[in-house]
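Student: Contents of structure_12.cif (mmCIF, C-alpha atoms):
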data_structure
loop_
_atom_site.label_atom_id
_atom_site.label_comp_id
_atom_site.auth_asym_id
_atom_site.auth_seq_id
_atom_site.Cartn_x
_atom_site.Cartn_y
_atom_site.Cartn_z
CA MET G 17 62.10 -84.83 29.87
CA LYS G 18 64.52 -83.80 27.13
CA THR G 19 67.50 -84.71 29.29
CA ALA G 20 65.98 -88.12 30.07
CA LEU G 21 65.34 -88.81 26.39
CA ALA G 22 68.87 -87.66 25.54
CA ALA G 23 70.33 -90.07 28.10
CA PHE G 24 68.26 -92.99 26.79
CA PHE G 25 68.97 -92.39 23.11
CA THR G 26 72.68 -91.71 23.59
CA GLY G 27 72.86 -94.99 25.52
CA ALA G 28 71.10 -96.83 22.71
CA LEU G 29 73.31 -95.21 20.05
CA PHE G 30 76.41 -96.07 22.09
CA GLY G 31 75.20 -99.68 22.25
CA ILE G 32 74.47 -99.91 18.53
CA GLY G 33 77.94 -98.49 17.87
CA LEU G 34 79.45 -101.18 20.09
CA ILE G 35 77.58 -103.95 18.23
CA LEU G 36 78.52 -102.57 14.79
CA SER G 37 82.16 -102.14 15.82
CA GLY G 38 82.54 -105.81 16.82
CA MET G 39 83.31 -105.05 20.47
CA THR G 40 80.36 -107.10 21.72
CA ASN G 41 82.15 -110.21 20.42
CA PRO G 42 84.67 -111.24 23.13
CA ALA G 43 86.50 -113.47 20.64
CA LYS G 44 87.15 -110.41 18.47
CA VAL G 45 88.31 -108.34 21.45
CA GLN G 46 90.73 -111.11 22.40
CA GLY G 47 91.83 -111.21 18.76
CA PHE G 48 92.81 -107.55 19.16
CA LEU G 49 94.58 -108.24 22.45
CA ASP G 50 96.43 -111.19 20.86
CA LEU G 51 99.32 -109.00 19.77
CA PHE G 52 101.75 -111.92 19.71
CA GLY G 53 99.53 -114.29 17.74
CA GLN G 54 97.06 -113.71 14.90
CA TRP G 55 96.41 -110.02 15.53
CA ASP G 56 93.09 -108.42 14.51
CA PRO G 57 93.71 -104.63 14.53
CA SER G 58 89.99 -103.77 14.15
CA LEU G 59 89.52 -102.37 17.64
CA ALA G 60 92.24 -99.80 17.13
CA LEU G 61 89.92 -98.38 14.45
CA VAL G 62 86.99 -98.39 16.89
CA MET G 63 88.96 -96.26 19.34
CA GLY G 64 90.34 -94.13 16.52
CA GLY G 65 86.88 -93.47 15.07
CA ALA G 66 85.44 -92.61 18.49
CA ILE G 67 88.34 -90.34 19.43
CA ILE G 68 88.25 -88.39 16.13
CA VAL G 69 84.66 -87.39 16.94
CA GLY G 70 85.41 -87.05 20.64
CA LEU G 71 88.30 -84.62 20.13
CA PHE G 72 85.94 -82.06 18.55
CA ALA G 73 83.23 -82.62 21.14
CA PHE G 74 85.52 -82.27 24.14
CA ALA G 75 87.26 -79.21 22.67
CA ARG G 76 83.81 -77.66 22.20
CA GLY G 77 82.58 -78.81 25.61
CA ARG G 78 85.53 -77.23 27.36
CA ARG G 79 84.48 -73.79 26.12
CA MET G 80 80.85 -74.15 27.22
CA GLN G 81 79.52 -72.79 30.52
CA ARG G 82 76.23 -74.72 30.22
CA SER G 83 75.32 -77.75 28.12
CA LEU G 84 73.02 -77.45 25.08
CA LEU G 85 70.13 -78.50 27.36
CA ASP G 86 71.20 -75.81 29.86
CA LEU G 87 72.81 -78.11 32.42
CA PRO G 88 76.10 -77.59 34.26
CA MET G 89 79.07 -79.10 32.39
CA TYR G 90 80.36 -81.90 34.58
CA ALA G 91 84.00 -81.15 35.17
CA LEU G 92 86.44 -83.96 35.87
CA LYS G 93 88.08 -83.00 39.13
CA LYS G 94 90.63 -85.78 39.25
CA ARG G 95 93.85 -84.91 37.53
CA HIS G 96 96.51 -86.77 39.47
CA ILE G 97 98.04 -90.10 38.56
CA ASP G 98 98.25 -92.32 41.61
CA LYS G 99 98.62 -95.93 42.69
CA ARG G 100 94.86 -96.52 42.67
CA LEU G 101 94.57 -95.46 39.04
CA VAL G 102 97.49 -97.63 37.93
CA LEU G 103 96.70 -100.74 39.99
CA GLY G 104 92.98 -100.54 39.25
CA SER G 105 93.59 -100.22 35.51
CA LEU G 106 96.13 -103.06 35.54
CA ALA G 107 93.58 -105.32 37.26
CA PHE G 108 90.85 -104.27 34.82
CA GLY G 109 93.10 -105.25 31.90
CA VAL G 110 93.58 -108.76 33.32
CA GLY G 111 89.80 -109.26 33.55
CA TRP G 112 89.33 -107.75 30.09
CA GLY G 113 91.90 -110.09 28.54
CA LEU G 114 90.59 -113.14 30.39
CA SER G 115 86.97 -112.67 29.27
CA GLY G 116 87.13 -110.37 26.26
CA PHE G 117 84.48 -108.20 27.97
CA CYS G 118 84.73 -104.63 29.16
CA PRO G 119 81.77 -102.97 30.92
CA GLY G 120 79.95 -101.37 27.94
CA PRO G 121 79.81 -104.36 25.57
CA ALA G 122 78.92 -106.70 28.46
CA ILE G 123 75.89 -104.58 29.40
CA VAL G 124 74.84 -104.39 25.74
CA TRP G 125 75.16 -108.16 25.25
CA LEU G 126 73.21 -108.76 28.47
CA GLY G 127 70.27 -107.48 26.41
CA THR G 128 70.43 -110.62 24.25
CA GLY G 129 69.71 -112.77 27.32
CA ASP G 130 72.97 -114.72 27.01
CA ALA G 131 73.70 -116.71 30.19
CA LYS G 132 77.51 -116.40 30.12
CA THR G 133 77.24 -112.64 29.69
CA ALA G 134 74.78 -112.46 32.59
CA VAL G 135 77.26 -114.27 34.85
CA PHE G 136 80.03 -111.85 33.85
CA VAL G 137 77.81 -108.79 34.44
CA LEU G 138 76.68 -110.11 37.85
CA ALA G 139 80.30 -110.66 38.90
CA MET G 140 81.25 -107.21 37.56
CA ALA G 141 78.41 -105.57 39.52
CA GLY G 142 79.56 -107.59 42.53
CA GLY G 143 83.08 -106.23 42.15
CA MET G 144 81.68 -102.71 41.98
CA ALA G 145 79.52 -103.30 45.06
CA LEU G 146 82.62 -104.58 46.86
CA PHE G 147 84.38 -101.34 45.93
CA GLU G 148 81.49 -99.34 47.40
CA LEU G 149 81.77 -101.32 50.64
CA LEU G 150 85.54 -100.92 50.84
CA GLN G 151 85.58 -97.28 49.77
CA PRO G 152 82.33 -95.83 51.09
CA ARG G 153 83.33 -92.24 50.50
CA ALA G 154 85.30 -92.62 47.27
CA LYS G 155 83.08 -91.21 44.60
CA MET L 28 103.05 -110.21 15.02
CA ILE L 29 100.92 -111.60 12.20
CA ILE L 30 97.92 -109.56 11.03
CA ASP L 31 94.72 -111.58 11.06
CA TRP L 32 93.32 -110.27 7.75
CA GLN L 33 90.50 -112.82 7.79
CA HIS L 34 88.86 -111.28 10.87
CA PHE L 35 89.92 -107.68 10.21
CA THR L 36 86.81 -105.48 9.78
CA PRO L 37 88.15 -101.97 9.19
CA TRP L 38 84.99 -100.31 7.90
CA THR L 39 82.37 -101.60 10.33
CA SER L 40 84.78 -101.10 13.23
CA LEU L 41 85.55 -97.54 12.15
CA ALA L 42 81.83 -96.79 11.61
CA GLY L 43 80.96 -98.32 15.00
CA GLY L 44 83.68 -96.22 16.60
CA VAL L 45 82.27 -93.06 15.00
CA LEU L 46 78.80 -93.91 16.40
CA ILE L 47 80.32 -94.46 19.84
CA GLY L 48 82.08 -91.08 19.50
CA ILE L 49 78.83 -89.35 18.47
CA ALA L 50 77.02 -90.90 21.45
CA ALA L 51 79.77 -89.82 23.88
CA ALA L 52 79.74 -86.34 22.29
CA ALA L 53 75.94 -86.09 22.62
CA TYR L 54 75.99 -87.14 26.28
CA LEU L 55 78.66 -84.52 26.98
CA LEU L 56 77.17 -81.66 24.99
CA LEU L 57 73.48 -82.33 25.87
CA ASN L 58 73.63 -83.65 29.43
CA GLY L 59 77.03 -82.25 30.35
CA ARG L 60 78.25 -85.66 31.52
CA ILE L 61 80.98 -88.15 30.68
CA ALA L 62 79.81 -91.39 29.00
CA GLY L 63 82.01 -93.66 31.10
CA ILE L 64 80.17 -96.94 31.46
CA SER L 65 81.97 -98.27 34.55
CA SER L 66 81.37 -95.00 36.43
CA ILE L 67 77.72 -94.95 35.36
CA LEU L 68 77.16 -98.58 36.42
CA GLY L 69 79.23 -98.10 39.60
CA ALA L 70 77.05 -95.18 40.68
CA VAL L 71 73.90 -97.23 40.04
CA VAL L 72 75.30 -100.21 41.97
CA GLY L 73 76.22 -97.83 44.81
CA PHE L 74 72.68 -96.32 44.81
CA ARG L 75 74.13 -92.84 44.43
CA LYS L 76 71.42 -90.18 44.43
CA ASP L 77 72.05 -86.93 42.58
CA GLU L 78 70.72 -85.00 39.59
CA ALA L 79 72.12 -87.60 37.17
CA THR L 80 70.58 -90.72 38.76
CA LEU L 81 67.73 -91.00 36.25
CA TRP L 82 70.04 -90.36 33.29
CA ARG L 83 72.39 -93.12 34.40
CA VAL L 84 69.55 -95.64 34.61
CA LEU L 85 68.19 -94.56 31.22
CA PHE L 86 71.63 -94.62 29.59
CA LEU L 87 72.09 -98.21 30.83
CA ALA L 88 68.57 -99.08 29.62
CA GLY L 89 69.53 -97.73 26.19
CA LEU L 90 72.63 -99.95 26.16
CA ILE L 91 70.65 -103.07 27.15
CA LEU L 92 67.96 -102.37 24.53
CA ALA L 93 70.52 -101.84 21.74
CA PRO L 94 70.43 -105.51 20.62
CA SER L 95 66.61 -105.35 20.40
CA ALA L 96 66.84 -102.17 18.31
CA TRP L 97 69.45 -103.90 16.12
CA LEU L 98 67.12 -106.87 15.57
CA LEU L 99 64.57 -104.55 13.93
CA ALA L 100 67.06 -104.11 11.09
CA GLY L 101 68.65 -107.54 10.90
CA ALA L 102 70.37 -110.43 12.65
CA LEU L 103 72.84 -109.79 15.44
CA PRO L 104 76.50 -110.58 14.78
CA GLU L 105 77.84 -113.59 16.63
CA ALA L 106 79.69 -113.42 19.91
CA GLY L 107 82.23 -116.06 20.85
CA ILE L 108 82.86 -116.41 24.58
CA ALA L 109 85.83 -118.71 25.12
CA ALA L 110 86.00 -118.20 28.90
CA ASP L 111 84.27 -120.77 31.13
CA TYR L 112 82.04 -119.82 34.08
CA PRO L 113 84.76 -119.66 36.77
CA GLN L 114 86.89 -117.52 34.44
CA LEU L 115 83.92 -115.22 33.76
CA VAL L 116 83.32 -114.76 37.49
CA ALA L 117 87.00 -113.99 38.13
CA ALA L 118 87.14 -111.66 35.13
CA GLY L 119 83.93 -109.89 36.15
CA LEU L 120 85.22 -109.25 39.67
CA LEU L 121 88.53 -107.93 38.29
CA VAL L 122 86.75 -105.67 35.80
CA GLY L 123 84.30 -104.40 38.43
CA LEU L 124 86.90 -103.68 41.11
CA GLY L 125 89.60 -102.54 38.69
CA THR L 126 87.49 -100.03 36.79
CA ARG L 127 86.18 -98.49 40.02
CA TYR L 128 89.63 -98.19 41.62
CA GLY L 129 90.99 -96.95 38.31
CA SER L 130 88.02 -94.56 37.89
CA GLY L 131 87.20 -95.69 34.37
CA CYS L 132 87.23 -98.27 31.61
CA THR L 133 87.55 -98.41 27.83
CA SER L 134 84.81 -95.80 27.39
CA GLY L 135 85.66 -93.38 30.21
CA HIS L 136 89.45 -93.41 29.89
CA GLY L 137 89.90 -94.89 26.42
CA VAL L 138 87.34 -92.81 24.52
CA CYS L 139 86.33 -89.79 26.63
CA GLY L 140 89.62 -89.34 28.50
CA LEU L 141 91.83 -89.62 25.44
CA SER L 142 89.45 -87.31 23.54
CA SER L 143 89.94 -84.68 26.25
CA LEU L 144 93.72 -85.19 26.03
CA SER L 145 93.95 -86.29 29.66
CA LEU L 146 97.35 -87.64 30.69
CA ARG L 147 95.68 -89.50 33.55
CA SER L 148 93.47 -91.37 31.08
CA LEU L 149 96.42 -92.10 28.80
CA VAL L 150 98.23 -93.75 31.71
CA ALA L 151 95.11 -95.76 32.63
CA THR L 152 94.58 -96.84 29.00
CA LEU L 153 98.20 -97.97 28.62
CA CYS L 154 97.87 -99.93 31.88
CA PHE L 155 94.73 -101.88 30.96
CA MET L 156 95.87 -102.43 27.38
CA GLY L 157 99.22 -103.67 28.68
CA THR L 158 97.75 -106.26 31.04
CA GLY L 159 95.10 -107.09 28.42
CA PHE L 160 97.82 -108.00 25.89
CA ALA L 161 99.77 -109.90 28.56
CA THR L 162 96.72 -111.84 29.76
CA VAL L 163 95.69 -112.97 26.28
CA TYR L 164 99.29 -113.98 25.62
CA VAL L 165 99.29 -116.14 28.75
CA VAL L 166 95.83 -117.62 28.09
CA ARG L 167 96.27 -118.32 24.37
CA HIS L 168 99.96 -119.09 24.04
CA LEU L 169 101.10 -120.48 27.39
CA VAL L 170 98.06 -122.11 29.02
CA GLN L 171 96.19 -123.37 25.94
CA ALA L 172 99.37 -124.27 24.06
CA GLY L 173 100.55 -126.27 27.07
CA ALA L 174 97.21 -127.98 27.66
#
Show me the file's structure as structure tokens.
Tutor:
Amino acid sequence: MKTALAAFFTGALFGIGLILSGMTNPAKVQGFLDLFGQWDPSLALVMGGAIIVGLFAFARGRRMQRSLLDLPMYALKKRHIDKRLVLGSLAFGVGWGLSGFCPGPAIVWLGTGDAKTAVFVLAMAGGMALFELLQPRAK
Amino acid sequence: MIIDWQHFTPWTSLAGGVLIGIAAAAYLLLNGRIAGISSILGAVVGFRKDEATLWRVLFLAGLILAPSAWLLAGALPEAGIAADYPQLVAAGLLVGLGTRYGSGCTSGHGVCGLSSLSLRSLVATLCFMGTGFATVYVVRHLVQAGA
């Protein structure tokens, strides 16, 4: 029960952070990605703010055997840099730039009932489903 | 490069970032998991069953309900979506496929990965930022300027 509540409230807090930061506004995201035009550096501060907190948390997490709710600490097994990582990330960036949406803010903004956001999220879920079909054992 | 001071929101963006960091920290330290949205959504789309299935669904529910929670305190900020429907479909497919092949997005690689000083995540972040910059350049300065 505690773990379920933790998951729900961390999700909600994450979403509120995204709204406050400005990342749920695709025009603002594209303003950040418009390095060669009128550049809005705001999103660098979003990442900076998140990483400052994250650095402490991940340094702490690394030294823990069990989580604070007594669960196994999920260890990231993948360490290598390969073609999949690079090509996948390059493709993601094209979609991000084209729409101004990355997965988190799109899911948050879906909660407003906006039609354009719903179309993006459906296509994104479709792309993920396609991945599952093409890579059935890649987890 | 010209700084767009008119749209620059240093304090709310920094504060939002700190909240995102606290949420990612809480998910790691409480549930022992990485708050990477594309991986969470990808596992739900793939109907993966394991001990984290319920948490993933609830984390996504929390994200979707965030605007409703926000409305209790005040009006939502605006969101400008310049892309048309065909562009949104193409972009969605690229984001969906790309984040799954690349094993992460802005949250998983950009926030959690960089926070754990992962070289793999640094490479991924530089890749999607690079094509993000390039794509907006093409859309705003070549296509729209030529149209």
Student: Any chance you could work out the residue set of the PyMOL selection byres ((chain L and resi 59-69) around 7) here, as a PyMOL selection string?
Tutor: (chain G and resi 83+87-90+119-120+144) or (chain L and resi 51+54-58+70-73+83+126-127+130-132+134-135+139)
Student: Take the PyMOL selection byres ((chain L and resi 112-116) around 9), apply it to the structure above, and return the hits as a ChimeraX atom specification.
Tutor: /G:111,114-115,132-133,135-140 /L:110-111,117-121
Student: Which one of G:Arg79, G:Leu61, G:Phe147, G:Gly27 sits closest to G:Arg100 if you count only C-alpha atoms?
Tutor: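 Under the stated criterion, the closest residue is G:Phe147.
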Student: Please report the interatomic distance between atom CA of G:Leu103 and atom CA of G:Glu148 in Å with one decimal.
Tutor: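 Here the two named atoms are 17.0 Å from each other.
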Student: Near G:Ile97, counting all atoms listed in the file, which residues have an atom at most 12 Å away, once you skip same-chain residues fewer than 4 positions from it, shown as a list in words?
Tutor: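 That gives Leu101, Val102, Leu103, Gly104 and Ser105 of chain G; Gly129, Ser130, Ser145, Leu146, Arg147, Ser148, Leu149, Val150, Ala151 and Cys154 of chain L.
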Student: Which residues fall under the PyMOL selection byres ((chain G and resi 72) around 12) in this file, as a short mmCIF file (atom, residue, chain, number, x, y, z; two decimals) with C-alpha atoms, in the frame of the given file?
Tutor:
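Written out: result32.cif:
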data_model
loop_
_atom_site.label_atom_id
_atom_site.label_comp_id
_atom_site.auth_asym_id
_atom_site.auth_seq_id
_atom_site.Cartn_x
_atom_site.Cartn_y
_atom_site.Cartn_z
CA GLY G 65 86.88 -93.47 15.07
CA ALA G 66 85.44 -92.61 18.49
CA ILE G 67 88.34 -90.34 19.43
CA ILE G 68 88.25 -88.39 16.13
CA VAL G 69 84.66 -87.39 16.94
CA GLY G 70 85.41 -87.05 20.64
CA LEU G 71 88.30 -84.62 20.13
CA ALA G 73 83.23 -82.62 21.14
CA PHE G 74 85.52 -82.27 24.14
CA ALA G 75 87.26 -79.21 22.67
CA ARG G 76 83.81 -77.66 22.20
CA GLY G 77 82.58 -78.81 25.61
CA ARG G 78 85.53 -77.23 27.36
CA ARG G 79 84.48 -73.79 26.12
CA GLY L 48 82.08 -91.08 19.50
CA ILE L 49 78.83 -89.35 18.47
CA ALA L 51 79.77 -89.82 23.88
CA ALA L 52 79.74 -86.34 22.29
CA ALA L 53 75.94 -86.09 22.62
CA LEU L 55 78.66 -84.52 26.98
CA LEU L 56 77.17 -81.66 24.99
CA CYS L 139 86.33 -89.79 26.63
CA LEU L 141 91.83 -89.62 25.44
CA SER L 142 89.45 -87.31 23.54
CA SER L 143 89.94 -84.68 26.25
CA LEU L 144 93.72 -85.19 26.03
#
Student: Enumerate, as a PyMOL selection string, the protein, DNA and RNA residues whose atoms approach (71.2, -87.2, 36.5) to within 10 Å, taking into account only C-alpha atoms and the coordinate frame of the file.
Tutor: (chain G and resi 19-20+23) or (chain L and resi 58-60+76-85)
Student: At what distance in Å, to one decimal, does atom CA of L:Val138 lie from atom CA of G:Thr26?
Tutor: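 So the two atoms, atom CA of G:Thr26 and atom CA of L:Val138, lie 14.7 Å apart.
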Student: Enter the distance from atom CA of L:Ile91 to atom CA of G:Ile123, in Å, rounded to one decimal.
Tutor: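 These atoms are spaced 5.9 Å apart.
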Student: Any idea what's packed within 8 Å of stretch 156-170 of chain L, counting all atoms listed in the file, ignoring anything in its chain fewer than 4 positions away? Could you give it as a ChimeraX atom specification?
Tutor: /G:46,49-53,106-107,109-114 /L:152,174
Student: Write out the residues from the selection above, keeping C-alpha atoms, as a short mmCIF file (atom, residue, chain, number, x, y, z; two decimals), keeping the file's coordinate frame.
Tutor:
data_model
loop_
_atom_site.label_atom_id
_atom_site.label_comp_id
_atom_site.auth_asym_id
_atom_site.auth_seq_id
_atom_site.Cartn_x
_atom_site.Cartn_y
_atom_site.Cartn_z
CA GLN G 46 90.73 -111.11 22.40
CA LEU G 49 94.58 -108.24 22.45
CA ASP G 50 96.43 -111.19 20.86
CA LEU G 51 99.32 -109.00 19.77
CA PHE G 52 101.75 -111.92 19.71
CA GLY G 53 99.53 -114.29 17.74
CA LEU G 106 96.13 -103.06 35.54
CA ALA G 107 93.58 -105.32 37.26
CA GLY G 109 93.10 -105.25 31.90
CA VAL G 110 93.58 -108.76 33.32
CA GLY G 111 89.80 -109.26 33.55
CA TRP G 112 89.33 -107.75 30.09
CA GLY G 113 91.90 -110.09 28.54
CA LEU G 114 90.59 -113.14 30.39
CA THR L 152 94.58 -96.84 29.00
CA ALA L 174 97.21 -127.98 27.66
#
Student: Find the residues near G:Trp55: any atom within 7 Å, counting only C-alpha atoms, skip ones fewer than 4 places away on the same chain, and give them as a count of residues only.
Tutor: 8
Student: Here is a test: counting all atoms listed in the file, which residue of G:Ala134, G:Asp56, G:Leu149, G:Thr128 is nearest to G:Gly38?
Tutor: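 Closest candidate: G:Asp56.
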Student: Name the closest residue to chain G among the candidates L:Thr133, L:Ser40, L:Gln33, L:Ser95; distances are taken between atoms, counting only C-alpha atoms.
Tutor: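 The shortest atom-to-atom distance to chain G comes from L:Ser40.
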Student: G:Gly116, G:Arg82, G:Asp130, G:Ala122: which is nearest G:Val45, counting only C-alpha atoms?
Tutor: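 Smallest separation from G:Val45 among the options: G:Gly116.
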Student: Looking at all atoms listed in the file, which of L:Leu92, L:Ala42, L:Phe35, L:Ile47 is the one that sits closest to G:Gly129?
Tutor: L:Leu92
Student: Nearest residue to chain G out of L:Val45, L:Leu99, L:Leu153, L:Arg75, using all atoms listed in the file?
Tutor: L:Val45
Student: Because some atoms of stretch 56-66 of chain G are absent here, can you restore all heavy atoms and send them as a PDB file, in the coordinates of the input?
Tutor:
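After the write, selection-v5.pdb holds the following:
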ATOM      1  N   ASP G  56      94.190-109.101  15.222  1.00  0.00           N
ATOM      2  CA  ASP G  56      93.090-108.420  14.510  1.00  0.00           C
ATOM      3  C   ASP G  56      93.088-106.949  14.951  1.00  0.00           C
ATOM      4  O   ASP G  56      92.653-106.647  16.061  1.00  0.00           O
ATOM      5  CB  ASP G  56      91.767-109.110  14.858  1.00  0.00           C
ATOM      6  CG  ASP G  56      90.562-108.396  14.253  1.00  0.00           C
ATOM      7  OD1 ASP G  56      90.744-107.361  13.585  1.00  0.00           O
ATOM      8  OD2 ASP G  56      89.432-108.875  14.471  1.00  0.00           O
ATOM      9  N   PRO G  57      93.578-106.040  14.106  1.00  0.00           N
ATOM     10  CA  PRO G  57      93.710-104.630  14.530  1.00  0.00           C
ATOM     11  C   PRO G  57      92.401-103.842  14.567  1.00  0.00           C
ATOM     12  O   PRO G  57      92.425-102.648  14.884  1.00  0.00           O
ATOM     13  CB  PRO G  57      94.672-104.030  13.495  1.00  0.00           C
ATOM     14  CG  PRO G  57      94.790-105.016  12.400  1.00  0.00           C
ATOM     15  CD  PRO G  57      94.034-106.256  12.737  1.00  0.00           C
ATOM     16  N   SER G  58      91.256-104.489  14.299  1.00  0.00           N
ATOM     17  CA  SER G  58      89.990-103.770  14.150  1.00  0.00           C
ATOM     18  C   SER G  58      89.698-102.777  15.290  1.00  0.00           C
ATOM     19  O   SER G  58      89.248-101.657  15.048  1.00  0.00           O
ATOM     20  CB  SER G  58      88.823-104.747  14.075  1.00  0.00           C
ATOM     21  OG  SER G  58      89.022-105.673  13.038  1.00  0.00           O
ATOM     22  N   LEU G  59      89.947-103.214  16.520  1.00  0.00           N
ATOM     23  CA  LEU G  59      89.520-102.370  17.640  1.00  0.00           C
ATOM     24  C   LEU G  59      90.326-101.090  17.769  1.00  0.00           C
ATOM     25  O   LEU G  59      89.868-100.125  18.379  1.00  0.00           O
ATOM     26  CB  LEU G  59      89.549-103.165  18.946  1.00  0.00           C
ATOM     27  CG  LEU G  59      88.618-104.379  18.986  1.00  0.00           C
ATOM     28  CD1 LEU G  59      88.364-104.824  20.409  1.00  0.00           C
ATOM     29  CD2 LEU G  59      87.301-104.117  18.281  1.00  0.00           C
ATOM     30  N   ALA G  60      91.493-101.063  17.160  1.00  0.00           N
ATOM     31  CA  ALA G  60      92.240 -99.800  17.130  1.00  0.00           C
ATOM     32  C   ALA G  60      91.447 -98.780  16.310  1.00  0.00           C
ATOM     33  O   ALA G  60      91.441 -97.578  16.617  1.00  0.00           O
ATOM     34  CB  ALA G  60      93.620-100.015  16.512  1.00  0.00           C
ATOM     35  N   LEU G  61      90.740 -99.272  15.280  1.00  0.00           N
ATOM     36  CA  LEU G  61      89.920 -98.380  14.450  1.00  0.00           C
ATOM     37  C   LEU G  61      88.657 -97.933  15.189  1.00  0.00           C
ATOM     38  O   LEU G  61      88.156 -96.835  14.963  1.00  0.00           O
ATOM     39  CB  LEU G  61      89.548 -99.071  13.140  1.00  0.00           C
ATOM     40  CG  LEU G  61      90.728 -99.259  12.195  1.00  0.00           C
ATOM     41  CD1 LEU G  61      90.370-100.215  11.074  1.00  0.00           C
ATOM     42  CD2 LEU G  61      91.153 -97.911  11.620  1.00  0.00           C
ATOM     43  N   VAL G  62      88.148 -98.791  16.077  1.00  0.00           N
ATOM     44  CA  VAL G  62      86.990 -98.390  16.890  1.00  0.00           C
ATOM     45  C   VAL G  62      87.386 -97.199  17.752  1.00  0.00           C
ATOM     46  O   VAL G  62      86.717 -96.162  17.773  1.00  0.00           O
ATOM     47  CB  VAL G  62      86.520 -99.552  17.796  1.00  0.00           C
ATOM     48  CG1 VAL G  62      85.309 -99.115  18.615  1.00  0.00           C
ATOM     49  CG2 VAL G  62      86.168-100.775  16.976  1.00  0.00           C
ATOM     50  N   MET G  63      88.510 -97.350  18.465  1.00  0.00           N
ATOM     51  CA  MET G  63      88.960 -96.260  19.340  1.00  0.00           C
ATOM     52  C   MET G  63      89.306 -95.031  18.520  1.00  0.00           C
ATOM     53  O   MET G  63      88.967 -93.907  18.894  1.00  0.00           O
ATOM     54  CB  MET G  63      90.151 -96.702  20.172  1.00  0.00           C
ATOM     55  CG  MET G  63      89.754 -97.641  21.279  1.00  0.00           C
ATOM     56  SD  MET G  63      91.053 -97.836  22.501  1.00  0.00           S
ATOM     57  CE  MET G  63      90.758 -96.417  23.526  1.00  0.00           C
ATOM     58  N   GLY G  64      89.971 -95.250  17.385  1.00  0.00           N
ATOM     59  CA  GLY G  64      90.340 -94.130  16.520  1.00  0.00           C
ATOM     60  C   GLY G  64      89.115 -93.356  16.047  1.00  0.00           C
ATOM     61  O   GLY G  64      89.075 -92.131  16.133  1.00  0.00           O
ATOM     62  N   GLY G  65      88.101 -94.099  15.566  1.00  0.00           N
ATOM     63  CA  GLY G  65      86.880 -93.470  15.070  1.00  0.00           C
ATOM     64  C   GLY G  65      86.177 -92.681  16.166  1.00  0.00           C
ATOM     65  O   GLY G  65      85.698 -91.559  15.952  1.00  0.00           O
ATOM     66  N   ALA G  66      86.119 -93.270  17.371  1.00  0.00           N
ATOM     67  CA  ALA G  66      85.440 -92.610  18.490  1.00  0.00           C
ATOM     68  C   ALA G  66      86.206 -91.353  18.916  1.00  0.00           C
ATOM     69  O   ALA G  66      85.612 -90.314  19.216  1.00  0.00           O
ATOM     70  CB  ALA G  66      85.293 -93.575  19.659  1.00  0.00           C
TER      71      ALA G  66
END
